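The structure appears right after this line, and notes come after that.
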Amino acid sequence: MKDYCCEEMEYHATFSCDVHHHPFDCPDQLIYVDKDNEAYGLIIHDGGSSAITIKFCPWCSSKLK
Ligand SMILES: [Zn+2]
Ligand SMILES: [Zn+2]
């Protein structure tokens with residue numbers, strides 16, 4: 001299990017919705033975790049599957065690794 005920089009990041013990175021099976025379909029899902037690349041993205045809810053890769057935590061501004 002990975003350590004997260006803060007509670008907010010842990011909450012959003014581990015968030016899973018019962019209603020929406022795909023993270024991009026869920027309006028409550030803010031963070032997309034790319035487990036293969038160990039990268040984090042900010043989901044853009046435009047109906048597609050785009051995300052902006054982020055290098056720093058939006059909540060506590062720690063560098064993401
Ligand atoms: Zn953080
Ligand atoms: Zn949902």
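In the structure tokens, chains take the letters A, B, ... in the order shown, each chain's residues start at 1, and ligands count up from 1 in the order shown.
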Give me, as a VMD selection string, all polymer residues having an atom no more than 10 Å from region 8-24 of chain A, counting only C-alpha atoms and skipping those fewer than 5 positions away in the same chain.
chain A and resid 2 to 3 29 to 33 40 to 41 43 to 51 57 to 60
Find, counting only C-alpha atoms and all ligand atoms, the residue in A:Leu64, A:Asp25, A:Ala39, A:Ile54 that gets nearest to ligand 1.
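Between A:Leu64, A:Asp25, A:Ala39, A:Ile54, the residue approaching ligand 1 most closely is A:Leu64.
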Using only C-alpha atoms, the best pick from A:Cys5, A:Pro27, A:Ile52, A:Leu42 as closest to Lys65 (chain A) would be A:Cys5
For the strand (DSSP E or B) assignment from backbone DSSP, which residues of chain A qualify? Please present them as JSON, numbers by chain. {"A": [31, 32, 33, 34, 39, 40, 41, 42, 43, 44, 50, 51, 52, 53, 54, 56, 63]}
Could you write out the selected residues, including C-alpha atoms, as a tab-separated table (two decimals), in the first residue's frame?
```tsv
chain	number	residue	atom	x	y	z
A	31	ILE	CA	-8.14	12.28	-9.43
A	32	TYR	CA	-7.17	9.62	-11.89
A	33	VAL	CA	-4.34	7.33	-10.82
A	34	ASP	CA	-2.31	5.80	-13.59
A	39	ALA	CA	1.22	9.24	-12.42
A	40	TYR	CA	-1.68	11.31	-11.20
A	41	GLY	CA	-4.12	13.19	-13.33
A	42	LEU	CA	-6.88	15.68	-12.79
A	43	ILE	CA	-9.97	14.42	-14.59
A	44	ILE	CA	-11.61	16.79	-17.03
A	50	SER	CA	-9.09	13.37	-20.68
A	51	ALA	CA	-7.01	14.16	-17.64
A	52	ILE	CA	-4.29	16.67	-16.91
A	53	THR	CA	-1.19	15.10	-15.44
A	54	ILE	CA	-0.27	16.76	-12.18
A	56	PHE	CA	2.12	18.34	-7.27
A	63	LYS	CA	5.58	16.71	-5.02
```
